[in-house]
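Printed here is start38.cif (mmCIF, C-alpha atoms and all ligand atoms):
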data_upload
loop_
_atom_site.label_atom_id
_atom_site.label_comp_id
_atom_site.auth_asym_id
_atom_site.auth_seq_id
_atom_site.Cartn_x
_atom_site.Cartn_y
_atom_site.Cartn_z
CA MET X 26 109.11 120.01 92.72
CA LYS X 27 110.05 121.80 89.48
CA PRO X 28 113.22 120.53 87.79
CA SER X 29 115.67 123.06 86.53
CA PRO X 30 116.56 122.63 82.83
CA SER X 31 120.05 121.66 83.95
CA ALA X 32 118.65 118.73 85.96
CA LEU X 33 117.21 117.15 82.82
CA ARG X 34 120.24 118.05 80.72
CA ASP X 35 122.55 116.40 83.26
CA TYR X 36 120.52 113.33 84.17
CA LEU X 37 118.18 112.39 81.33
CA LEU X 38 119.79 109.97 78.92
CA GLN X 39 118.10 109.74 75.53
CA PRO X 40 119.75 106.84 73.80
CA GLN X 41 119.60 106.64 70.03
CA GLU X 42 119.51 103.35 68.18
CA SER X 43 122.74 104.22 66.42
CA VAL X 44 124.69 104.08 69.69
CA LEU X 45 123.21 100.90 71.15
CA PRO X 46 124.18 99.02 73.20
CA LEU X 47 125.04 101.88 75.53
CA LEU X 48 128.68 102.34 76.31
CA ALA X 49 128.62 103.24 79.98
CA GLU X 50 132.23 104.43 79.80
CA GLN X 51 131.17 107.09 77.31
CA VAL X 52 128.12 108.06 79.32
CA PHE X 53 129.94 108.38 82.66
CA GLY X 54 133.45 109.08 81.40
CA ARG X 55 134.97 106.21 83.35
CA ARG X 56 134.99 102.42 83.62
CA ALA X 57 132.95 101.30 86.66
CA PRO X 58 130.48 98.58 87.62
CA LEU X 59 127.03 99.44 86.29
CA ALA X 60 123.70 98.81 88.07
CA VAL X 61 120.13 99.46 86.90
CA GLU X 62 117.01 100.24 88.92
CA VAL X 63 113.77 99.39 87.14
CA GLY X 64 110.80 101.62 88.12
CA PHE X 65 112.60 103.95 90.55
CA GLY X 66 109.48 106.03 91.33
CA GLY X 67 110.63 109.32 92.87
CA GLY X 68 114.26 108.17 92.82
CA GLU X 69 114.80 108.06 96.62
CA TYR X 70 116.50 104.68 96.57
CA LEU X 71 118.49 105.40 93.41
CA ASP X 72 119.81 108.59 94.97
CA TRP X 73 120.70 106.82 98.22
CA TRP X 74 122.22 103.82 96.39
CA ALA X 75 124.42 106.04 94.20
CA GLY X 76 125.51 108.05 97.25
CA GLN X 77 126.53 104.88 99.07
CA ASN X 78 128.48 103.54 96.08
CA PRO X 79 130.44 106.37 94.47
CA ASP X 80 132.62 103.83 92.64
CA TRP X 81 129.64 102.40 90.76
CA ASP X 82 127.48 103.93 88.04
CA PHE X 83 123.68 103.68 87.99
CA ILE X 84 120.94 103.94 85.40
CA GLY X 85 117.27 104.18 86.38
CA ILE X 86 114.43 103.37 84.00
CA GLU X 87 110.93 104.77 84.58
CA LEU X 88 107.76 105.16 82.58
CA PRO X 89 106.05 108.42 83.63
CA PRO X 90 107.99 111.57 82.67
CA ASP X 91 106.88 112.95 86.06
CA CYS X 92 109.07 110.43 87.87
CA ILE X 93 112.02 111.37 85.66
CA LEU X 94 111.52 115.03 86.51
CA ARG X 95 111.28 114.43 90.26
CA ALA X 96 114.27 112.11 90.34
CA ALA X 97 116.39 114.47 88.21
CA ARG X 98 115.73 117.29 90.65
CA ARG X 99 116.58 115.05 93.62
CA LEU X 100 119.84 113.92 92.00
CA GLU X 101 120.75 117.48 91.09
CA GLN X 102 120.21 118.63 94.66
CA ALA X 103 122.39 115.79 95.93
CA GLY X 104 125.03 116.58 93.28
CA ARG X 105 125.19 112.96 92.06
CA LYS X 106 127.60 112.36 89.20
CA ASN X 107 127.12 108.60 88.87
CA VAL X 108 123.43 108.34 87.88
CA ARG X 109 121.47 108.75 84.65
CA LEU X 110 117.76 108.31 83.96
CA VAL X 111 116.03 106.78 80.97
CA ASN X 112 112.36 107.33 80.20
CA GLY X 113 110.50 104.29 78.87
CA ASP X 114 109.34 100.75 79.39
CA ALA X 115 111.99 98.73 81.19
CA ARG X 116 110.56 95.44 79.90
CA TYR X 117 112.07 96.34 76.52
CA LEU X 118 114.68 98.92 77.27
CA LEU X 119 116.68 96.68 79.58
CA ARG X 120 117.23 94.31 76.66
CA GLU X 121 117.63 96.96 73.97
CA LEU X 122 119.93 99.39 75.79
CA PHE X 123 122.45 97.13 77.48
CA GLY X 124 125.04 94.83 76.01
CA ALA X 125 125.62 91.20 77.02
CA GLY X 126 127.08 90.87 80.51
CA SER X 127 127.27 94.65 80.95
CA LEU X 128 125.31 94.91 84.23
CA GLN X 129 126.47 94.05 87.74
CA HIS X 130 123.08 94.37 89.39
CA VAL X 131 119.45 94.89 88.39
CA LEU X 132 117.03 96.01 91.10
CA MET X 133 113.25 96.24 90.96
CA GLN X 134 111.39 97.37 94.08
CA PHE X 135 107.65 97.26 94.53
CA PRO X 136 106.70 96.79 90.88
CA MET X 137 103.02 97.15 90.14
CA PRO X 138 101.74 93.57 90.51
CA TRP X 139 98.86 93.83 88.02
CA PRO X 140 96.95 91.11 89.92
CA LYS X 141 94.13 90.60 87.39
CA GLY X 142 94.79 87.87 84.84
CA LYS X 143 93.83 90.11 81.91
CA HIS X 144 96.51 92.64 83.00
CA ALA X 145 99.25 90.01 83.47
CA LYS X 146 100.89 91.11 80.21
CA HIS X 147 101.86 94.40 81.94
CA ARG X 148 103.88 92.61 84.63
CA VAL X 149 107.55 93.31 84.35
CA SER X 150 108.53 89.79 85.31
CA SER X 151 107.83 87.53 82.34
CA PRO X 152 109.74 84.88 80.37
CA ILE X 153 111.07 87.66 78.10
CA PHE X 154 112.32 89.57 81.13
CA ALA X 155 114.02 86.39 82.44
CA ALA X 156 115.75 85.93 79.07
CA THR X 157 116.82 89.58 79.17
CA LEU X 158 118.38 89.18 82.62
CA ALA X 159 120.18 86.05 81.43
CA ASP X 160 121.84 88.18 78.76
CA VAL X 161 122.51 91.62 80.26
CA LEU X 162 123.68 90.56 83.74
CA LYS X 163 127.28 89.50 84.13
CA PRO X 164 127.53 85.84 85.22
CA GLY X 165 127.62 85.68 89.01
CA CYS X 166 125.75 88.98 89.34
CA CYS X 167 122.21 89.41 90.67
CA PHE X 168 118.69 90.50 89.94
CA GLU X 169 116.95 91.67 93.12
CA LEU X 170 113.18 91.92 93.39
CA VAL X 171 111.54 93.50 96.43
CA THR X 172 107.76 93.30 96.74
CA ASP X 173 104.99 93.34 99.32
CA GLN X 174 103.01 90.69 97.42
CA ASP X 175 103.90 87.12 98.36
CA TRP X 176 102.18 85.63 95.30
CA TYR X 177 104.15 87.99 93.03
CA ALA X 178 107.45 87.00 94.66
CA GLN X 179 106.55 83.34 94.26
CA GLU X 180 105.44 83.76 90.67
CA ALA X 181 108.68 85.58 89.85
CA GLU X 182 110.69 82.84 91.59
CA THR X 183 108.99 80.12 89.51
CA LEU X 184 109.28 82.07 86.31
CA LEU X 185 112.90 83.11 86.69
CA SER X 186 114.10 79.70 87.87
CA ALA X 187 112.54 78.18 84.74
CA ASN X 188 115.26 79.92 82.72
CA PRO X 189 118.29 77.56 82.52
CA ALA X 190 120.75 80.45 82.82
CA LEU X 191 119.29 81.71 86.12
CA GLN X 192 119.47 80.38 89.64
CA VAL X 193 117.40 81.53 92.60
CA LEU X 194 119.70 82.29 95.55
CA SER X 195 117.08 83.21 98.15
CA LEU X 196 113.54 84.37 98.79
CA LYS X 197 113.41 86.06 102.19
CA GLU X 198 110.54 87.50 104.19
CA ASN X 199 111.16 90.86 105.88
CA PRO X 200 114.91 90.94 105.21
CA LYS X 201 116.95 93.69 106.84
CA ARG X 202 117.17 96.53 104.36
CA PRO X 203 119.49 99.50 104.60
CA PHE X 204 117.09 102.07 103.11
CA ARG X 205 113.33 102.15 102.74
CA THR X 206 111.45 103.96 99.99
CA ARG X 207 108.17 105.76 100.57
CA TYR X 208 106.28 102.68 99.36
CA GLU X 209 108.14 100.33 101.65
CA SER X 210 107.54 102.53 104.70
CA LYS X 211 103.86 102.78 103.80
CA TRP X 212 103.42 99.03 103.35
CA LEU X 213 105.24 98.31 106.63
CA GLN X 214 103.06 100.83 108.50
CA GLU X 215 100.04 98.99 107.12
CA GLY X 216 101.44 95.78 108.63
CA ARG X 217 102.32 94.15 105.30
CA GLN X 218 105.25 91.77 104.86
CA ILE X 219 108.13 92.49 102.49
CA TYR X 220 109.70 89.79 100.29
CA ARG X 221 113.10 89.88 98.62
CA LEU X 222 114.03 87.51 95.81
CA LEU X 223 117.67 87.24 94.74
CA VAL X 224 118.48 85.54 91.46
CA THR X 225 121.90 85.10 89.89
CA VAL X 226 123.07 84.37 86.36
CA LYS X 227 125.01 81.11 86.03
CA THR X 228 126.00 81.49 82.39
CA SER X 229 124.83 84.09 79.89
CA ILE X 230 122.41 83.17 77.15
CA PRO X 231 122.12 85.79 74.36
CA ALA X 232 118.70 87.44 73.88
CA PRO X 233 117.98 88.82 70.41
CA ARG X 234 117.56 92.61 70.19
CA THR X 235 114.84 94.12 68.04
CA LEU X 236 115.95 97.70 67.47
CA GLY X 237 117.83 98.20 64.24
CA ILE X 238 120.12 101.02 63.35
CA GLN X 239 118.50 101.97 60.04
CA ALA X 240 117.51 105.62 59.83
CA MET X 241 113.81 106.44 59.80
CA GLU X 242 112.52 107.11 56.31
CA THR X 243 110.64 110.24 55.23
CA LEU X 244 107.78 109.33 52.90
CA HIS X 245 107.13 111.55 49.88
CA LEU X 246 103.58 111.88 48.51
CA LYS X 247 103.27 113.27 44.99
CA LEU X 248 100.09 115.18 45.77
CA THR X 249 98.65 116.65 48.95
CA PRO X 250 95.70 114.73 50.46
CA THR X 251 92.59 116.79 51.15
CA PRO X 252 91.97 118.06 54.72
CA ALA X 253 88.99 115.68 54.88
CA ALA X 254 91.23 112.69 54.03
CA ILE X 255 93.70 113.72 56.71
CA GLU X 256 90.94 114.27 59.30
CA ALA X 257 89.57 110.83 58.40
CA LEU X 258 92.75 109.23 59.76
CA ARG X 259 91.46 109.85 63.29
CA GLY X 260 90.64 106.53 65.01
CA GLN X 261 92.08 104.31 62.27
CA ARG X 262 93.81 101.15 63.43
CA PHE X 263 96.33 99.02 61.55
CA GLN X 264 97.69 95.61 62.48
CA GLN X 265 100.32 93.30 61.05
CA GLY X 266 101.64 90.40 63.14
CA ASN X 267 102.79 91.79 66.52
CA CYS X 268 102.66 95.39 65.33
CA VAL X 269 99.64 97.59 66.00
CA ALA X 270 99.26 101.26 65.11
CA GLU X 271 96.39 103.52 66.09
CA VAL X 272 95.69 107.14 65.17
CA LYS X 273 94.81 108.90 68.43
CA GLU X 274 94.49 112.50 67.24
CA VAL X 275 94.86 114.65 64.16
CA LEU X 276 95.93 118.26 64.79
CA ARG X 277 96.59 121.29 62.56
CA ALA X 278 100.18 122.50 62.61
CA GLN X 279 101.90 125.53 61.13
CA ASP X 280 103.49 123.58 58.31
CA GLY X 281 100.68 121.02 57.85
CA TRP X 282 99.35 118.45 60.30
CA LEU X 283 100.42 116.46 63.31
CA VAL X 284 99.07 112.94 63.67
CA ARG X 285 99.30 111.54 67.20
CA LEU X 286 99.96 107.82 67.00
CA LEU X 287 100.20 104.88 69.31
CA ALA X 288 102.47 102.14 68.03
CA ALA X 289 102.73 98.83 69.89
CA ASP X 290 105.29 96.11 69.28
CA ASP X 291 103.59 93.31 71.16
CA THR X 292 103.05 95.02 74.57
CA PHE X 293 105.70 97.73 74.12
CA SER X 294 103.62 100.84 73.39
CA GLN X 295 104.91 104.24 72.34
CA LEU X 296 103.04 107.47 71.70
CA PHE X 297 104.55 109.79 69.14
CA HIS X 298 103.65 112.20 66.32
CA ALA X 299 103.87 111.83 62.58
CA ARG X 300 104.17 115.16 60.81
CA ILE X 301 102.51 115.79 57.46
CA VAL X 302 104.39 118.69 55.90
CA LEU X 303 102.65 120.46 53.03
CA LYS X 304 105.02 121.68 50.32
CA ARG X 305 104.39 124.66 48.01
CA ASP X 306 104.47 122.51 44.87
CA GLU X 307 101.48 120.34 45.93
CA ARG X 308 103.69 117.55 47.21
CA CYS X 309 103.82 116.58 50.83
CA LEU X 310 106.14 114.78 53.21
CA LEU X 311 105.31 112.37 55.97
CA ARG X 312 107.84 111.81 58.72
CA VAL X 313 108.18 110.92 62.39
CA ASP X 314 108.38 114.00 64.58
CA GLU X 315 111.45 114.13 66.79
CA VAL X 316 109.62 115.33 69.92
CA PRO X 317 108.94 113.04 71.67
CA ARG X 318 111.33 110.85 69.76
CA PRO X 319 110.12 107.21 69.75
CA TYR X 320 112.42 104.23 69.43
CA TYR X 321 112.26 103.24 65.78
CA THR X 322 110.74 99.83 66.36
CA ALA X 323 109.00 97.71 63.73
CA ALA X 324 105.63 99.10 64.92
CA VAL X 325 106.75 102.72 64.53
CA ARG X 326 107.93 102.01 60.96
CA PHE X 327 104.70 100.12 60.28
CA ALA X 328 102.61 103.03 61.64
CA LEU X 329 104.28 105.52 59.31
CA ALA X 330 104.04 103.21 56.30
CA SER X 331 100.32 102.55 57.02
CA LEU X 332 99.56 106.28 57.23
CA GLY X 333 101.44 106.84 53.99
CA ALA X 334 99.52 104.09 52.23
CA VAL X 335 96.11 105.39 53.37
CA LEU X 336 96.95 108.96 52.39
CA GLN X 337 98.34 107.88 49.02
CA GLU X 338 95.15 105.95 48.29
CA SER X 339 93.03 108.98 49.13
CA ILE X 340 94.70 111.15 46.50
C1 LIG X 401 104.73 101.08 93.20
S1 LIG X 401 105.87 102.07 92.34
C2 LIG X 401 107.38 101.81 93.22
C3 LIG X 401 108.40 102.90 92.99
C4 LIG X 401 109.77 102.68 93.68
N1 LIG X 401 110.42 101.49 93.20
C5 LIG X 401 109.64 102.66 95.18
O1 LIG X 401 109.80 101.59 95.76
O2 LIG X 401 109.36 103.72 95.74
C6 LIG X 401 106.14 101.15 90.84
C7 LIG X 401 106.91 101.94 89.81
O3 LIG X 401 107.24 101.10 88.73
C8 LIG X 401 107.13 101.85 87.53
N2 LIG X 401 106.93 100.91 86.40
C9 LIG X 401 105.89 100.07 86.21
N3 LIG X 401 106.05 99.39 85.06
C10 LIG X 401 107.22 99.80 84.52
C11 LIG X 401 107.93 99.49 83.33
N4 LIG X 401 107.43 98.60 82.48
N5 LIG X 401 109.09 100.13 83.08
C12 LIG X 401 109.58 101.05 83.96
N6 LIG X 401 108.95 101.40 85.11
C13 LIG X 401 107.79 100.79 85.38
C14 LIG X 401 105.93 102.73 87.77
O4 LIG X 401 105.91 103.85 86.93
C15 LIG X 401 106.10 103.10 89.24
O5 LIG X 401 106.81 104.30 89.42
#

This entry written out as structure tokens:
Amino acid sequence: MKPSPSALRDYLLQPQESVLPLLAEQVFGRRAPLAVEVGFGGGEYLDWWAGQNPDWDFIGIELPPDCILRAARRLEQAGRKNVRLVNGDARYLLRELFGAGSLQHVLMQFPMPWPKGKHAKHRVSSPIFAATLADVLKPGCCFELVTDQDWYAQEAETLLSANPALQVLSLKENPKRPFRTRYESKWLQEGRQIYRLLVTVKTSIPAPRTLGIQAMETLHLKLTPTPAAIEALRGQRFQQGNCVAEVKEVLRAQDGWLVRLLAADDTFSQLFHARIVLKRDERCLLRVDEVPRPYYTAAVRFALASLGAVLQESI
């Protein structure tokens, strides 16, 4: 399914740090209850949910751009006006994008369980996620988890109920559900059970945000590093506290070089490019490329500063 450019223009929301937390009234042009679906896959449920609740607004968060494209096309075909999509890691974006008590419902269906212990850090449900829910959900409102893994439902129940702001309302096996996604239908055909955990917020507890609103600096080098010094960046890794930066690729560009970087703040990873722009007067600039535009986290700033320091030393 190929999305038309208008599908992305209409549905993809690309929040900038300077306008966080999101003001849903500005995004949707009205004041309405706001719900979020984490990991909406192809967007079937999100589309159905929005269609059933025209008086609510919905934001879906997904990691692979493919899912964003498919869902945008689906929403465009259905003519939905009350949905937007955000591309990125919901473990962080839920906390960073939404203000305290701004959400009326958060839904996560069939998250990847990451069963191996060494992959547990990828699980969406974690103490940080619990703290996020305790902040962004309006008191009295719910987080709903649907999964086919009983151990995951139980782990989430234990973990979320450990947060003093949250209260587990129910954990049901095979509850009646008004709409089934592709995954749910597949699991049921395979004879699996479905579990639904409902958790409410008793009183909000603020969770600190990490994204600042400072602009991203451009670094100025007095002299241009040699091509060999730039090529030598490939594979370099930098670490400071919770921030890790890794040079994945170094590519020639029309105006200089593009350095493909991975920057991780704890387990929040982003891939982006730093651009080395060669100037006529021997100087050069180093800046974050805007496409794809990363969130300017501490790790992204650290990655740029580390590249700058290595290049400066090489001159
Ligand atoms: C098994 S699929 C289920 C999709 C959909 N909820 C459904 O029921 O059809 C899990 C989805 O969660 C998404 N996902 C996993 N980790 C995520 C994260 N940290 N942030 C946002 N989405 C995530 C994956 O990309 C994938 O599309």

- Message: List the spatial neighbours of segment 108-118 of chain X as a VMD selection string - criterion: any atom at most 7 Å away, only C-alpha atoms, same-chain residues fewer than 2 positions off excluded.
- Response: chain X and resid 36 to 39 63 75 82 to 88 90 93 105 to 106 120 to 122 149 154 293

File of the preceding selection, C-alpha atoms, as a tab-separated table (two decimals), keeping the file's coordinate frame:
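As written to disk, again_14.tsv reads:
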chain	number	residue	atom	x	y	z
X	36	TYR	CA	120.52	113.33	84.17
X	37	LEU	CA	118.18	112.39	81.33
X	38	LEU	CA	119.79	109.97	78.92
X	39	GLN	CA	118.10	109.74	75.53
X	63	VAL	CA	113.77	99.39	87.14
X	75	ALA	CA	124.42	106.04	94.20
X	82	ASP	CA	127.48	103.93	88.04
X	83	PHE	CA	123.68	103.68	87.99
X	84	ILE	CA	120.94	103.94	85.40
X	85	GLY	CA	117.27	104.18	86.38
X	86	ILE	CA	114.43	103.37	84.00
X	87	GLU	CA	110.93	104.77	84.58
X	88	LEU	CA	107.76	105.16	82.58
X	90	PRO	CA	107.99	111.57	82.67
X	93	ILE	CA	112.02	111.37	85.66
X	105	ARG	CA	125.19	112.96	92.06
X	106	LYS	CA	127.60	112.36	89.20
X	120	ARG	CA	117.23	94.31	76.66
X	121	GLU	CA	117.63	96.96	73.97
X	122	LEU	CA	119.93	99.39	75.79
X	149	VAL	CA	107.55	93.31	84.35
X	154	PHE	CA	112.32	89.57	81.13
X	293	PHE	CA	105.70	97.73	74.12

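The coordinates place atom CA of Gln337 of chain X at 7.5 Å from atom CA of Pro250 of chain X.
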
- Item | Non-local contacts of Arg312 of chain X (12 Å; all atoms listed in the file; under 2 positions in same chain excluded) as a PyMOL selection string | chain X and resi 240-246+281-284+297-303+309-310+314-316+318+321+325-326+328-330+332-333

Can you tell me, as a short mmCIF file (atom, residue, chain, number, x, y, z; two decimals) with C-alpha atoms, in the frame of the given file, what residues are no more than 12 Å from Gln261 of chain X when counting only C-alpha atoms, ignoring any on the same chain fewer than 6 positions away?
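Ended up saving to part_23.cif:
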data_model
loop_
_atom_site.label_atom_id
_atom_site.label_comp_id
_atom_site.auth_asym_id
_atom_site.auth_seq_id
_atom_site.Cartn_x
_atom_site.Cartn_y
_atom_site.Cartn_z
CA ALA X 254 91.23 112.69 54.03
CA ILE X 255 93.70 113.72 56.71
CA VAL X 269 99.64 97.59 66.00
CA ALA X 270 99.26 101.26 65.11
CA GLU X 271 96.39 103.52 66.09
CA VAL X 272 95.69 107.14 65.17
CA LYS X 273 94.81 108.90 68.43
CA GLU X 274 94.49 112.50 67.24
CA VAL X 275 94.86 114.65 64.16
CA VAL X 284 99.07 112.94 63.67
CA ARG X 285 99.30 111.54 67.20
CA LEU X 286 99.96 107.82 67.00
CA LEU X 287 100.20 104.88 69.31
CA ALA X 328 102.61 103.03 61.64
CA SER X 331 100.32 102.55 57.02
CA LEU X 332 99.56 106.28 57.23
CA VAL X 335 96.11 105.39 53.37
CA LEU X 336 96.95 108.96 52.39
#

- Using only C-alpha atoms and all ligand atoms, find the one residue out of X:Ala156, X:Leu100, X:Leu170, X:Ala187 that sits nearest to ligand LIG 401 (chain X).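 Of the candidates, the smallest distance to ligand LIG 401 (chain X) is held by X:Leu170.
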
- Query: How far is it from atom CA of Leu184 of chain X to atom CA of Gln295 of chain X, in Å with one decimal?
  - Reply: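 So the answer is 26.6 Å.
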
- Query: Using only C-alpha atoms and all ligand atoms, which of the listed residues (X:Arg95, X:Arg234, X:Arg217, X:Lys201) sits closest to ligand LIG 401 (chain X)?
  - Reply: X:Arg95

- Nearest to ligand LIG 401 (chain X): which of X:Asp160, X:Glu209, X:Glu215, X:Glu198 is it, counting all atoms listed in the file?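 Between X:Asp160, X:Glu209, X:Glu215, X:Glu198, the residue approaching ligand LIG 401 (chain X) most closely is X:Glu209.
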
- Which is closest to Thr225 of chain X among X:Ala159, X:Leu119, X:Ala178, X:Leu128, if we use all atoms listed in the file? X:Ala159

- Message: Please report the interatomic distance between atom C1 of ligand LIG 401 (chain X) and atom CA of Gln134 of chain X in Å with one decimal.
- Response: 7.7 Å

- Query: Counting all atoms listed in the file, which residues come within 12 Å of (131.2, 101.1, 88.4), with the point read in the file's coordinates, and could you list them as a list of chain:residue names?
  - Reply: X:Ala49, X:Glu50, X:Val52, X:Phe53, X:Gly54, X:Arg55, X:Arg56, X:Ala57, X:Pro58, X:Leu59, X:Ala60, X:Val61, X:Ala75, X:Asn78, X:Pro79, X:Asp80, X:Trp81, X:Asp82, X:Phe83, X:Ile84, X:Lys106, X:Asn107, X:Val108, X:Ser127, X:Leu128, X:Gln129, X:His130

Could you dump the residues just selected with C-alpha atoms as a PDB file, in the frame of the given file?
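Result file result.pdb:
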ATOM      1  CA  ALA X  49     128.620 103.240  79.980  1.00  0.00           C
ATOM      2  CA  GLU X  50     132.230 104.430  79.800  1.00  0.00           C
ATOM      3  CA  VAL X  52     128.120 108.060  79.320  1.00  0.00           C
ATOM      4  CA  PHE X  53     129.940 108.380  82.660  1.00  0.00           C
ATOM      5  CA  GLY X  54     133.450 109.080  81.400  1.00  0.00           C
ATOM      6  CA  ARG X  55     134.970 106.210  83.350  1.00  0.00           C
ATOM      7  CA  ARG X  56     134.990 102.420  83.620  1.00  0.00           C
ATOM      8  CA  ALA X  57     132.950 101.300  86.660  1.00  0.00           C
ATOM      9  CA  PRO X  58     130.480  98.580  87.620  1.00  0.00           C
ATOM     10  CA  LEU X  59     127.030  99.440  86.290  1.00  0.00           C
ATOM     11  CA  ALA X  60     123.700  98.810  88.070  1.00  0.00           C
ATOM     12  CA  VAL X  61     120.130  99.460  86.900  1.00  0.00           C
ATOM     13  CA  ALA X  75     124.420 106.040  94.200  1.00  0.00           C
ATOM     14  CA  ASN X  78     128.480 103.540  96.080  1.00  0.00           C
ATOM     15  CA  PRO X  79     130.440 106.370  94.470  1.00  0.00           C
ATOM     16  CA  ASP X  80     132.620 103.830  92.640  1.00  0.00           C
ATOM     17  CA  TRP X  81     129.640 102.400  90.760  1.00  0.00           C
ATOM     18  CA  ASP X  82     127.480 103.930  88.040  1.00  0.00           C
ATOM     19  CA  PHE X  83     123.680 103.680  87.990  1.00  0.00           C
ATOM     20  CA  ILE X  84     120.940 103.940  85.400  1.00  0.00           C
ATOM     21  CA  LYS X 106     127.600 112.360  89.200  1.00  0.00           C
ATOM     22  CA  ASN X 107     127.120 108.600  88.870  1.00  0.00           C
ATOM     23  CA  VAL X 108     123.430 108.340  87.880  1.00  0.00           C
ATOM     24  CA  SER X 127     127.270  94.650  80.950  1.00  0.00           C
ATOM     25  CA  LEU X 128     125.310  94.910  84.230  1.00  0.00           C
ATOM     26  CA  GLN X 129     126.470  94.050  87.740  1.00  0.00           C
ATOM     27  CA  HIS X 130     123.080  94.370  89.390  1.00  0.00           C
TER      28      HIS X 130
END

- Can you pull out every residue within 12 Å of Arg202 of chain X, counting only C-alpha atoms, but drop anything in the same chain fewer than 4 positions away, and send it as a VMD selection string? chain X and resid 70 74 134 171 197 to 198 206 209 to 210 219 to 221

Restricting it to C-alpha atoms, dump the selection as a PDB file, in the coordinates of the input.
ATOM      1  CA  TYR X  70     116.500 104.680  96.570  1.00  0.00           C
ATOM      2  CA  TRP X  74     122.220 103.820  96.390  1.00  0.00           C
ATOM      3  CA  GLN X 134     111.390  97.370  94.080  1.00  0.00           C
ATOM      4  CA  VAL X 171     111.540  93.500  96.430  1.00  0.00           C
ATOM      5  CA  LYS X 197     113.410  86.060 102.190  1.00  0.00           C
ATOM      6  CA  GLU X 198     110.540  87.500 104.190  1.00  0.00           C
ATOM      7  CA  THR X 206     111.450 103.960  99.990  1.00  0.00           C
ATOM      8  CA  GLU X 209     108.140 100.330 101.650  1.00  0.00           C
ATOM      9  CA  SER X 210     107.540 102.530 104.700  1.00  0.00           C
ATOM     10  CA  ILE X 219     108.130  92.490 102.490  1.00  0.00           C
ATOM     11  CA  TYR X 220     109.700  89.790 100.290  1.00  0.00           C
ATOM     12  CA  ARG X 221     113.100  89.880  98.620  1.00  0.00           C
TER      13      ARG X 221
END

- Hey, what's within 12 Å of Ala145 of chain X if we count only C-alpha atoms and toss same-chain stuff fewer than 5 positions away? As a list in words, please? Met137, Pro138, Trp139, Pro140, Ser150, Ser151, Tyr177, Glu180 and Thr292 of chain X

- Selected residue, from X:Ala155, X:Gln218, X:Ser294, X:Pro189, that lies nearest to ligand LIG 401 (chain X) when counting all atoms listed in the file: X:Ser294

Test item: axis-aligned box, all listed atoms of segment 40-51 of chain X, 3 Å on each side, centre and edges in Å rounded to one decimal, as AutoDock Vina command-line options:
--center_x 125.9 --center_y 103.1 --center_z 73.2 --size_x 18.7 --size_y 14.1 --size_z 19.6

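If all atoms listed in the file are the atoms counted, then among X:Ala257, X:Leu296, X:Ala96, X:Leu185 the closest residue to ligand LIG 401 (chain X) is X:Ala96.
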
Using the incomplete input, complete segment 63-74 of chain X to the level of N, CA and C atoms; output as a PDB file, in the coordinates of the input.
ATOM      1  N   VAL X  63     114.969  99.395  87.986  1.00  0.00           N
ATOM      2  CA  VAL X  63     113.770  99.390  87.140  1.00  0.00           C
ATOM      3  C   VAL X  63     112.623  99.989  87.948  1.00  0.00           C
ATOM      4  N   GLY X  64     111.959 101.030  87.425  1.00  0.00           N
ATOM      5  CA  GLY X  64     110.800 101.620  88.120  1.00  0.00           C
ATOM      6  C   GLY X  64     111.207 102.275  89.427  1.00  0.00           C
ATOM      7  N   PHE X  65     112.033 103.343  89.333  1.00  0.00           N
ATOM      8  CA  PHE X  65     112.600 103.950  90.550  1.00  0.00           C
ATOM      9  C   PHE X  65     111.649 104.921  91.244  1.00  0.00           C
ATOM     10  N   GLY X  66     110.453 105.141  90.691  1.00  0.00           N
ATOM     11  CA  GLY X  66     109.480 106.030  91.330  1.00  0.00           C
ATOM     12  C   GLY X  66     110.015 107.442  91.444  1.00  0.00           C
ATOM     13  N   GLY X  67     110.113 107.951  92.670  1.00  0.00           N
ATOM     14  CA  GLY X  67     110.630 109.320  92.870  1.00  0.00           C
ATOM     15  C   GLY X  67     112.147 109.354  92.940  1.00  0.00           C
ATOM     16  N   GLY X  68     112.790 108.208  92.876  1.00  0.00           N
ATOM     17  CA  GLY X  68     114.260 108.170  92.820  1.00  0.00           C
ATOM     18  C   GLY X  68     114.939 108.193  94.176  1.00  0.00           C
ATOM     19  N   GLU X  69     114.163 107.999  95.282  1.00  0.00           N
ATOM     20  CA  GLU X  69     114.800 108.060  96.620  1.00  0.00           C
ATOM     21  C   GLU X  69     115.888 106.999  96.759  1.00  0.00           C
ATOM     22  N   TYR X  70     115.538 105.760  96.372  1.00  0.00           N
ATOM     23  CA  TYR X  70     116.500 104.680  96.570  1.00  0.00           C
ATOM     24  C   TYR X  70     117.704 104.861  95.638  1.00  0.00           C
ATOM     25  N   LEU X  71     117.423 105.225  94.408  1.00  0.00           N
ATOM     26  CA  LEU X  71     118.490 105.400  93.410  1.00  0.00           C
ATOM     27  C   LEU X  71     119.499 106.439  93.905  1.00  0.00           C
ATOM     28  N   ASP X  72     118.972 107.522  94.441  1.00  0.00           N
ATOM     29  CA  ASP X  72     119.810 108.590  94.970  1.00  0.00           C
ATOM     30  C   ASP X  72     120.656 108.065  96.148  1.00  0.00           C
ATOM     31  N   TRP X  73     119.988 107.361  97.051  1.00  0.00           N
ATOM     32  CA  TRP X  73     120.700 106.820  98.220  1.00  0.00           C
ATOM     33  C   TRP X  73     121.757 105.797  97.774  1.00  0.00           C
ATOM     34  N   TRP X  74     121.350 104.911  96.876  1.00  0.00           N
ATOM     35  CA  TRP X  74     122.220 103.820  96.390  1.00  0.00           C
ATOM     36  C   TRP X  74     123.488 104.411  95.745  1.00  0.00           C
TER      37      TRP X  74
END
